[in-house]
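**Q** Contents of data.pdb (PDB, C-alpha atoms) are below:
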```pdb
MODEL        1
ATOM      1  CA  TYR A 213     128.227 171.131 154.949
ATOM      2  CA  TRP A 214     131.775 172.385 154.364
ATOM      3  CA  VAL A 215     131.340 176.130 153.888
ATOM      4  CA  GLY A 216     134.948 176.982 153.015
ATOM      5  CA  CYS A 217     136.841 179.989 154.362
ATOM      6  CA  MET A 218     136.478 182.047 151.152
ATOM      7  CA  VAL A 219     132.728 181.485 151.011
ATOM      8  CA  ALA A 220     132.261 182.095 154.739
ATOM      9  CA  THR A 221     134.202 185.361 154.820
ATOM     10  CA  ARG A 222     134.008 186.803 151.295
ATOM     11  CA  THR A 223     130.777 185.540 149.700
ATOM     12  CA  PRO A 224     128.379 185.080 152.654
ATOM     13  CA  ASN A 225     125.297 185.160 150.403
ATOM     14  CA  THR A 226     126.532 181.926 148.840
ATOM     15  CA  ALA A 227     127.053 180.402 152.288
ATOM     16  CA  LYS A 228     123.485 181.272 153.285
ATOM     17  CA  ALA A 229     122.054 180.095 149.958
ATOM     18  CA  VAL A 230     123.494 176.592 150.338
ATOM     19  CA  ALA A 231     122.234 176.323 153.923
ATOM     20  CA  ASN A 232     118.747 177.414 152.856
ATOM     21  CA  ILE A 233     118.709 174.900 149.993
ATOM     22  CA  LEU A 234     119.713 172.086 152.360
ATOM     23  CA  LYS A 235     117.016 173.092 154.847
ATOM     24  CA  HIS A 236     114.384 173.386 152.112
ATOM     25  CA  ALA A 237     115.225 169.863 150.946
ATOM     26  CA  ASN A 238     115.024 168.570 154.553
ATOM     27  CA  VAL A 239     118.637 167.429 154.457
ATOM     28  CA  ASN A 240     120.054 166.384 157.830
ATOM     29  CA  PHE A 241     123.334 168.301 157.946
ATOM     30  CA  THR A 242     125.847 169.815 160.307
ATOM     31  CA  ILE A 243     128.719 172.299 160.027
ATOM     32  CA  LEU A 244     132.068 172.519 161.788
ATOM     33  CA  GLY A 245     131.673 176.241 162.464
ATOM     34  CA  GLU A 246     134.756 177.804 164.021
ATOM     35  CA  LYS A 247     136.464 174.392 163.966
ATOM     36  CA  GLU A 248     136.278 174.168 160.181
ATOM     37  CA  GLY A 249     139.475 176.024 159.357
ATOM     38  CA  CYS A 250     140.950 175.867 155.839
ATOM     39  CA  CYS A 251     141.112 173.007 153.331
ATOM     40  CA  ASN A 252     144.889 173.735 153.154
ATOM     41  CA  TYR A 253     144.909 174.555 149.441
ATOM     42  CA  ILE A 254     147.148 177.573 150.118
ATOM     43  CA  LEU A 255     149.754 175.403 151.841
ATOM     44  CA  LEU A 256     149.705 172.928 148.957
ATOM     45  CA  ALA A 257     149.877 175.650 146.300
ATOM     46  CA  SER A 258     152.782 177.253 148.175
ATOM     47  CA  GLY A 259     154.769 174.012 148.215
ATOM     48  CA  LEU A 260     154.478 173.562 151.987
ATOM     49  CA  TRP A 261     153.438 169.926 151.599
ATOM     50  CA  LYS A 262     154.701 168.617 154.951
ATOM     51  CA  GLN A 263     152.806 171.289 156.837
ATOM     52  CA  ALA A 264     149.764 170.666 154.651
ATOM     53  CA  GLN A 265     149.850 166.969 155.457
ATOM     54  CA  LYS A 266     150.098 167.678 159.193
ATOM     55  CA  GLU A 267     147.183 170.137 159.133
ATOM     56  CA  THR A 268     145.107 167.886 156.886
ATOM     57  CA  ARG A 269     145.331 164.952 159.296
ATOM     58  CA  LYS A 270     144.074 167.219 162.090
ATOM     59  CA  LEU A 271     141.253 168.360 159.839
ATOM     60  CA  LEU A 272     140.216 164.817 158.960
ATOM     61  CA  THR A 273     139.939 164.002 162.664
ATOM     62  CA  ARG A 274     137.448 166.853 163.097
ATOM     63  CA  ILE A 275     135.498 165.705 160.029
ATOM     64  CA  LYS A 276     135.316 162.089 161.212
ATOM     65  CA  GLU A 277     133.910 163.243 164.553
ATOM     66  CA  THR A 278     130.775 164.480 162.749
ATOM     67  CA  LYS A 279     130.058 160.882 161.595
ATOM     68  CA  ALA A 280     128.893 162.363 158.281
ATOM     69  CA  SER A 281     128.834 160.157 155.181
ATOM     70  CA  LEU A 282     128.791 163.004 152.671
ATOM     71  CA  MET A 283     130.435 166.417 152.432
ATOM     72  CA  VAL A 284     128.912 169.210 150.332
ATOM     73  CA  THR A 285     130.859 172.376 149.529
ATOM     74  CA  PRO A 286     130.103 175.400 147.320
ATOM     75  CA  CYS A 287     133.813 176.186 146.946
ATOM     76  CA  ALA A 288     135.439 174.911 143.753
ATOM     77  CA  GLY A 289     138.892 175.250 145.314
ATOM     78  CA  CYS A 290     137.955 173.162 148.356
ATOM     79  CA  TYR A 291     136.354 170.520 146.140
ATOM     80  CA  TYR A 292     139.499 170.313 143.987
ATOM     81  CA  THR A 293     141.695 170.094 147.088
ATOM     82  CA  PHE A 294     139.651 167.335 148.723
ATOM     83  CA  THR A 295     139.142 165.198 145.625
ATOM     84  CA  ARG A 296     142.384 165.691 143.673
ATOM     85  CA  LEU A 297     145.170 167.293 145.699
ATOM     86  CA  TYR A 298     144.775 165.201 148.855
ATOM     87  CA  PRO A 299     145.152 161.834 147.096
ATOM     88  CA  GLU A 300     147.623 162.985 144.424
ATOM     89  CA  ILE A 301     149.993 165.076 146.560
ATOM     90  CA  LEU A 302     149.434 163.970 150.146
ATOM     91  CA  ASN A 303     148.397 160.362 149.478
ATOM     92  CA  ILE A 304     145.385 160.971 151.719
ATOM     93  CA  GLU A 305     141.855 159.818 150.899
ATOM     94  CA  MET A 306     138.811 161.607 152.285
ATOM     95  CA  PRO A 307     136.835 159.433 154.750
ATOM     96  CA  LEU A 308     133.513 160.344 153.118
ATOM     97  CA  GLU A 309     131.997 161.201 149.744
ATOM     98  CA  VAL A 310     132.660 164.770 148.596
ATOM     99  CA  LEU A 311     130.358 166.650 146.231
ATOM    100  CA  HIS A 312     130.392 170.186 144.951
ATOM    101  CA  ALA A 313     127.148 171.981 145.789
ATOM    102  CA  THR A 314     126.044 171.893 142.139
ATOM    103  CA  GLN A 315     126.539 168.114 142.029
ATOM    104  CA  PHE A 316     124.509 167.672 145.189
ATOM    105  CA  ILE A 317     121.715 169.948 143.948
ATOM    106  CA  GLU A 318     121.629 168.000 140.681
ATOM    107  CA  ARG A 319     121.299 164.779 142.711
ATOM    108  CA  ILE A 320     118.439 165.961 144.923
ATOM    109  CA  LEU A 321     116.634 167.438 141.923
ATOM    110  CA  HIS A 322     116.912 164.084 140.174
ATOM    111  CA  ASN A 323     115.495 162.134 143.128
ATOM    112  CA  HIS A 324     112.823 164.827 143.726
ATOM    113  CA  THR A 325     114.074 165.664 147.210
ATOM    114  CA  LEU A 326     114.237 169.261 146.017
ATOM    115  CA  GLU A 327     111.493 170.880 143.957
ATOM    116  CA  LEU A 328     112.110 174.277 142.350
ATOM    117  CA  LYS A 329     109.241 176.671 141.665
ATOM    118  CA  GLY A 330     111.048 178.688 139.007
ATOM    119  CA  LEU A 331     111.925 182.372 138.772
ATOM    120  CA  ASN A 332     109.200 185.006 139.077
ATOM    121  CA  ARG A 333     110.407 186.657 135.866
ATOM    122  CA  LYS A 334     112.278 185.589 132.767
ATOM    123  CA  MET A 335     116.038 185.794 133.164
ATOM    124  CA  LYS A 336     118.978 185.172 130.820
ATOM    125  CA  VAL A 337     122.004 183.614 132.518
ATOM    126  CA  THR A 338     125.402 182.450 131.349
ATOM    127  CA  TYR A 339     127.823 180.276 133.302
ATOM    128  CA  HIS A 340     131.562 180.610 133.866
ATOM    129  CA  ASP A 341     133.533 177.389 134.402
ATOM    130  CA  PRO A 342     135.942 177.815 137.340
ATOM    131  CA  CYS A 343     139.351 176.281 136.634
ATOM    132  CA  SER A 344     139.293 174.268 139.876
ATOM    133  CA  LEU A 345     135.886 172.757 139.117
ATOM    134  CA  GLY A 346     136.215 172.463 135.350
ATOM    135  CA  ARG A 347     139.671 171.790 133.947
ATOM    136  CA  HIS A 348     141.083 170.513 137.255
ATOM    137  CA  SER A 349     138.137 168.366 138.394
ATOM    138  CA  ASN A 350     136.232 167.690 135.149
ATOM    139  CA  VAL A 351     132.891 168.883 136.564
ATOM    140  CA  TYR A 352     131.074 170.527 133.677
ATOM    141  CA  ASP A 353     127.583 169.067 133.409
ATOM    142  CA  ALA A 354     126.177 169.438 136.939
ATOM    143  CA  PRO A 355     126.196 173.270 137.035
ATOM    144  CA  ARG A 356     124.585 173.450 133.601
ATOM    145  CA  ASN A 357     121.970 170.832 134.423
ATOM    146  CA  VAL A 358     120.989 172.761 137.544
ATOM    147  CA  LEU A 359     120.556 176.012 135.626
ATOM    148  CA  LYS A 360     118.623 174.304 132.830
ATOM    149  CA  SER A 361     116.191 172.828 135.361
ATOM    150  CA  ILE A 362     114.986 176.274 136.477
ATOM    151  CA  GLN A 363     111.780 177.553 134.887
ATOM    152  CA  ASN A 364     111.878 181.043 133.336
ATOM    153  CA  LEU A 365     115.662 180.843 133.114
ATOM    154  CA  GLU A 366     117.214 180.972 129.658
ATOM    155  CA  PHE A 367     120.703 179.484 129.772
ATOM    156  CA  ILE A 368     123.102 180.990 127.219
ATOM    157  CA  GLU A 369     126.471 179.333 126.701
ATOM    158  CA  MET A 370     129.586 181.447 126.131
ATOM    159  CA  PRO A 371     131.587 180.628 122.979
ATOM    160  CA  LEU A 372     134.579 179.695 125.129
ATOM    161  CA  ASN A 373     133.243 177.201 127.638
ATOM    162  CA  LYS A 374     134.052 174.025 129.555
ATOM    163  CA  SER A 375     137.715 173.043 128.968
ATOM    164  CA  GLN A 376     138.182 176.049 126.648
ATOM    165  CA  ALA A 377     136.844 178.629 129.106
ATOM    166  CA  ARG A 378     139.077 181.575 129.906
ATOM    167  CA  CYS A 379     140.412 181.746 133.457
ATOM    168  CA  CYS A 380     138.937 184.537 135.612
ATOM    169  CA  GLY A 381     142.464 185.366 136.781
ATOM    170  CA  GLY A 382     141.650 185.130 140.481
ATOM    171  CA  GLY A 383     143.060 181.728 141.388
ATOM    172  CA  GLY A 384     146.484 180.251 142.048
ATOM    173  CA  GLY A 385     147.619 183.227 144.109
ATOM    174  CA  LEU A 386     147.701 185.550 141.076
ATOM    175  CA  TRP A 387     145.283 188.031 142.648
ATOM    176  CA  THR A 388     147.795 188.601 145.460
ATOM    177  CA  PHE A 389     150.951 188.349 143.369
ATOM    178  CA  ASN A 390     149.850 190.603 140.481
ATOM    179  CA  ASN A 391     146.475 192.179 141.094
ATOM    180  CA  GLN A 392     146.375 194.067 137.791
ATOM    181  CA  VAL A 393     146.955 190.984 135.657
ATOM    182  CA  SER A 394     144.293 189.180 137.660
ATOM    183  CA  LEU A 395     141.719 191.915 137.062
ATOM    184  CA  ASP A 396     142.694 192.174 133.390
ATOM    185  CA  CYS A 397     141.884 188.470 132.941
ATOM    186  CA  ALA A 398     138.436 188.979 134.448
ATOM    187  CA  THR A 399     137.834 192.073 132.321
ATOM    188  CA  ILE A 400     138.693 190.225 129.098
ATOM    189  CA  ARG A 401     136.252 187.457 130.056
ATOM    190  CA  LEU A 402     133.469 189.930 130.838
ATOM    191  CA  ILE A 403     133.914 192.211 127.819
ATOM    192  CA  ASN A 404     134.786 189.652 125.144
ATOM    193  CA  ASP A 405     132.723 186.645 126.250
ATOM    194  CA  VAL A 406     129.874 187.792 128.502
ATOM    195  CA  LYS A 407     128.839 191.263 127.361
ATOM    196  CA  PRO A 408     128.011 190.255 123.728
ATOM    197  CA  LEU A 409     125.467 187.706 125.034
ATOM    198  CA  ASP A 410     123.292 190.434 126.569
ATOM    199  CA  THR A 411     122.528 188.326 129.652
ATOM    200  CA  ASP A 412     121.078 189.471 132.965
ATOM    201  CA  SER A 413     123.540 187.545 135.112
ATOM    202  CA  LEU A 414     126.841 185.703 135.106
ATOM    203  CA  ALA A 415     126.669 182.695 137.406
ATOM    204  CA  THR A 416     129.684 180.766 138.583
ATOM    205  CA  ALA A 417     130.439 178.073 141.161
ATOM    206  CA  CYS A 418     133.555 179.460 142.809
ATOM    207  CA  PRO A 419     133.908 182.273 145.373
ATOM    208  CA  THR A 420     137.249 183.414 143.926
ATOM    209  CA  CYS A 421     135.803 183.730 140.422
ATOM    210  CA  GLN A 422     132.783 185.531 141.815
ATOM    211  CA  LEU A 423     134.911 188.074 143.675
ATOM    212  CA  ASN A 424     137.289 188.771 140.817
ATOM    213  CA  PHE A 425     134.444 189.289 138.358
ATOM    214  CA  ARG A 426     132.735 191.620 140.812
ATOM    215  CA  PHE A 427     135.882 193.714 141.284
ATOM    216  CA  SER A 428     136.340 193.944 137.520
ATOM    217  CA  SER A 429     132.701 194.774 136.784
ATOM    218  CA  VAL A 430     132.704 197.601 139.324
ATOM    219  CA  LYS A 431     136.080 198.981 138.261
ATOM    220  CA  ASN A 432     135.118 198.969 134.578
ATOM    221  CA  SER A 433     131.429 199.886 135.042
ATOM    222  CA  ILE A 434     130.198 196.696 133.373
ATOM    223  CA  PRO A 435     126.496 196.412 134.280
ATOM    224  CA  ILE A 436     126.039 192.700 134.883
ATOM    225  CA  LYS A 437     125.029 190.853 138.029
ATOM    226  CA  ILE A 438     127.627 188.369 139.298
ATOM    227  CA  CYS A 439     126.363 185.548 141.488
ATOM    228  CA  ASP A 440     126.806 181.938 142.505
ATOM    229  CA  ILE A 441     124.563 179.237 141.033
ATOM    230  CA  THR A 442     123.314 178.419 144.528
ATOM    231  CA  GLU A 443     121.974 181.968 144.860
ATOM    232  CA  VAL A 444     119.964 181.490 141.652
ATOM    233  CA  VAL A 445     118.582 178.213 142.985
ATOM    234  CA  GLU A 446     117.733 179.805 146.330
ATOM    235  CA  SER A 447     115.710 182.536 144.584
ATOM    236  CA  THR A 448     113.347 179.851 143.216
ATOM    237  CA  LEU A 449     112.472 178.351 146.597
ATOM    238  CA  ASN A 450     109.985 181.007 147.777
TER     239      ASN A 450
ENDMDL
END
```
So, in terms of structure tokens, how does the structure I just supplied come out?
**A**
Amino acid sequence: YWVGCMVATRTPNTAKAVANILKHANVNFTILGEKEGCCNYILLASGLWKQAQKETRKLLTRIKETKASLMVTPCAGCYYTFTRLYPEILNIEMPLEVLHATQFIERILHNHTLELKGLNRKMKVTYHDPCSLGRHSNVYDAPRNVLKSIQNLEFIEMPLNKSQARCCGGGGGLWTFNNQVSLDCATIRLINDVKPLDTDSLATACPTCQLNFRFSSVKNSIPIKICDITEVVESTLN
């Protein structure tokens, strides 16, 4: 289970949700803990490719030592880095299969390793496609299939979705470089695309998207719950 530094430090509820889902499904898993470090996306995005390659080879050594055959991560940025940036920029292939948490949950739902009991009340949810998971990695169906499998959950699609979804504004270093533009992007998404749907929650599959939407919703007093899909799934387990 690759937690990811953003998830571990900024969205801990997501980190716990994934762990609880894995335990509930009796999945034999391990974590790297303090040895995990970063996927090196920041180095790659900053153009520091030689340093990224050096750090990545060290990271792969730590991963191989686990003898794991599959890596699951709830971070869209980590998933994109492992599956696209490593082979395309660094010419490095991961030594094991890599799945985003929504892909893995879809898999264990399909093979009945995980059984969901449904929500204890009816809930309307929409889903935001993270750029790293959607446009960059072409993962669109798994998150939606997971949400649609939950009883008492009404999934409502935004008009701009999948490859046409607006960016939350939080990725690519924009939040650090120009915080106001970043928040404005999230606000436009929330006001123009989410608010008219009258949903209870906005679910996403990326810690950066989750954070930026939360900052925007608080700053602009937009009353909508922002969460990760894994948190929705976790709420059905009890």
**Q** If you apply the PyMOL selection byres ((chain A and resi 254-260) around 10) to this file, what residues do you get, as a PyMOL selection string?
**A** chain A and resi 250-253+261-265+267+289+293+297-298+301-302+384-385
**Q** Would you work out the distance separating atom CA of Asn350 of chain A from atom CA of Ser375 of chain A, expressed in Å to one decimal?
**A**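 For atom CA of Asn350 of chain A relative to atom CA of Ser375 of chain A, the distance reads 8.3 Å.
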**Q** For each of A:Ala231, A:Pro435, A:Ser281, A:Glu446, take the minimum atom-to-atom distance to Met306 of chain A, counting all atoms listed in the file, then give the residue where this is smallest.
**A** A:Ser281
**Q** Run the PyMOL selection byres ((chain A and resi 228) around 12) against the file shown and list the residues it catches, as a PyMOL selection string.
**A** chain A and resi 213+215+219-221+223-227+229-235+286+440+442-443+445-447
**Q** Could you write out the selected residues, including C-alpha atoms, as a compact mmCIF listing (two decimals), in the coordinates of the input?
**A**
```txt
# COMPACT_ATOMS: atom_id res chain seq x y z
CA TYR A 213 128.23 171.13 154.95
CA VAL A 215 131.34 176.13 153.89
CA VAL A 219 132.73 181.48 151.01
CA ALA A 220 132.26 182.10 154.74
CA THR A 221 134.20 185.36 154.82
CA THR A 223 130.78 185.54 149.70
CA PRO A 224 128.38 185.08 152.65
CA ASN A 225 125.30 185.16 150.40
CA THR A 226 126.53 181.93 148.84
CA ALA A 227 127.05 180.40 152.29
CA ALA A 229 122.05 180.10 149.96
CA VAL A 230 123.49 176.59 150.34
CA ALA A 231 122.23 176.32 153.92
CA ASN A 232 118.75 177.41 152.86
CA ILE A 233 118.71 174.90 149.99
CA LEU A 234 119.71 172.09 152.36
CA LYS A 235 117.02 173.09 154.85
CA PRO A 286 130.10 175.40 147.32
CA ASP A 440 126.81 181.94 142.50
CA THR A 442 123.31 178.42 144.53
CA GLU A 443 121.97 181.97 144.86
CA VAL A 445 118.58 178.21 142.99
CA GLU A 446 117.73 179.80 146.33
CA SER A 447 115.71 182.54 144.58
```
**Q** Dig up all the protein and nucleic acid residues within 10 Å of (136.3, 178.8, 129.8) in the file frame, using all atoms listed in the file, and format them as JSON, numbers by chain.
**A** {"A": [339, 340, 341, 342, 343, 346, 347, 370, 371, 372, 373, 374, 375, 376, 377, 378, 379, 380, 401, 405]}
**Q** Nearest to Glu366 of chain A: which of A:Ala354, A:Cys217, A:Val393, A:Leu409 is it, counting all atoms listed in the file?
**A**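 Of the candidates, the smallest distance to Glu366 of chain A is held by A:Leu409.
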**Q** Counting only C-alpha atoms, which residue out of A:Leu395, A:Leu321, A:Leu449, A:Gly382 sits closest to Lys360 of chain A?
**A** A:Leu321
**Q** So which residues get picked by the PyMOL selection byres ((chain A and resi 295) around 12) here, written as JSON, numbers by chain?
**A** {"A": [251, 253, 283, 284, 285, 288, 289, 290, 291, 292, 293, 294, 296, 297, 298, 299, 300, 301, 302, 303, 304, 305, 306, 307, 308, 309, 310, 311, 312, 344, 345, 348, 349, 350, 351]}
**Q** In terms of the shortest atom-to-atom distance over all atoms listed in the file, which of A:His322, A:Lys407, A:Lys279, A:Arg274 is closest to Val337 of chain A?
**A**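 Residue with the minimum atom-to-atom distance to Val337 of chain A: A:Lys407.
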**Q** For atom CA of Thr411 of chain A and atom CA of His236 of chain A, determine how far apart the two atoms are, in Å to one decimal place.
**A**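 For atom CA of Thr411 of chain A relative to atom CA of His236 of chain A, the distance reads 28.2 Å.
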**Q** Within 8 Å of Met335 of chain A, counting all atoms listed in the file, which residues show up once you throw out same-chain ones fewer than 4 positions away? Write them as an MDAnalysis selection string, please.
**A** chainID A and resid 331 364:366 411:413
**Q** Take the residues just selected and output them with C-alpha atoms as a PDB file, keeping the file's coordinate frame.
**A**
```
ATOM      1  CA  LEU A 331     111.925 182.372 138.772  1.00  0.00           C
ATOM      2  CA  ASN A 364     111.878 181.043 133.336  1.00  0.00           C
ATOM      3  CA  LEU A 365     115.662 180.843 133.114  1.00  0.00           C
ATOM      4  CA  GLU A 366     117.214 180.972 129.658  1.00  0.00           C
ATOM      5  CA  THR A 411     122.528 188.326 129.652  1.00  0.00           C
ATOM      6  CA  ASP A 412     121.078 189.471 132.965  1.00  0.00           C
ATOM      7  CA  SER A 413     123.540 187.545 135.112  1.00  0.00           C
TER       8      SER A 413
END
```
**Q** Expressed in Å to a single decimal, how great is the separation between atom CA of Cys421 of chain A and atom CA of Glu327 of chain A?
**A**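 It comes out at 27.7 Å.
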**Q** List as a Markdown table every residue of segment 304-357 of chain A that is in contact with segment 238-249 of chain A, defined as an atom at most 12 Å from one of its atoms (using only C-alpha atoms), together with the nearest atom pair and the distance in Å rounded to one decimal, sorted by chain and then rising number.
**A**
```
| residue | atom | partner | partner_atom | distance |
| --- | --- | --- | --- | --- |
| A:Phe316 | CA | A:Val239 | CA | 11.0 |
| A:Ile317 | CA | A:Val239 | CA | 11.2 |
| A:Ile320 | CA | A:Val239 | CA | 9.6 |
| A:His324 | CA | A:Asn238 | CA | 11.7 |
| A:Thr325 | CA | A:Asn238 | CA | 8.0 |
| A:Leu326 | CA | A:Asn238 | CA | 8.6 |
| A:Glu327 | CA | A:Asn238 | CA | 11.4 |
```
**Q** Starting from 8 Å padding per side, set up an axis-aligned box that covers all listed atoms of segment 402-412 of chain A and hand over centre and edge lengths in Å, one decimal, as lines of an AutoDock Vina configuration file.
**A**
```
center_x = 127.9
center_y = 189.4
center_z = 128.3
size_x = 29.7
size_y = 21.6
size_z = 25.2
```
**Q** Once you count only C-alpha atoms, which residues end up no further than 7 Å from (121.2, 181.6, 126.2) in the file's frame, shown as a PDB file with C-alpha atoms, in the frame of the given file?
**A**
```pdb
ATOM      1  CA  LYS A 336     118.978 185.172 130.820  1.00  0.00           C
ATOM      2  CA  VAL A 337     122.004 183.614 132.518  1.00  0.00           C
ATOM      3  CA  THR A 338     125.402 182.450 131.349  1.00  0.00           C
ATOM      4  CA  GLU A 366     117.214 180.972 129.658  1.00  0.00           C
ATOM      5  CA  PHE A 367     120.703 179.484 129.772  1.00  0.00           C
ATOM      6  CA  ILE A 368     123.102 180.990 127.219  1.00  0.00           C
ATOM      7  CA  GLU A 369     126.471 179.333 126.701  1.00  0.00           C
TER       8      GLU A 369
END
```
**Q** List the spatial neighbours of Gly383 of chain A as a count of residues only - criterion: any atom at most 7 Å away, all atoms listed in the file, same-chain residues fewer than 3 positions off excluded.
**A** 3
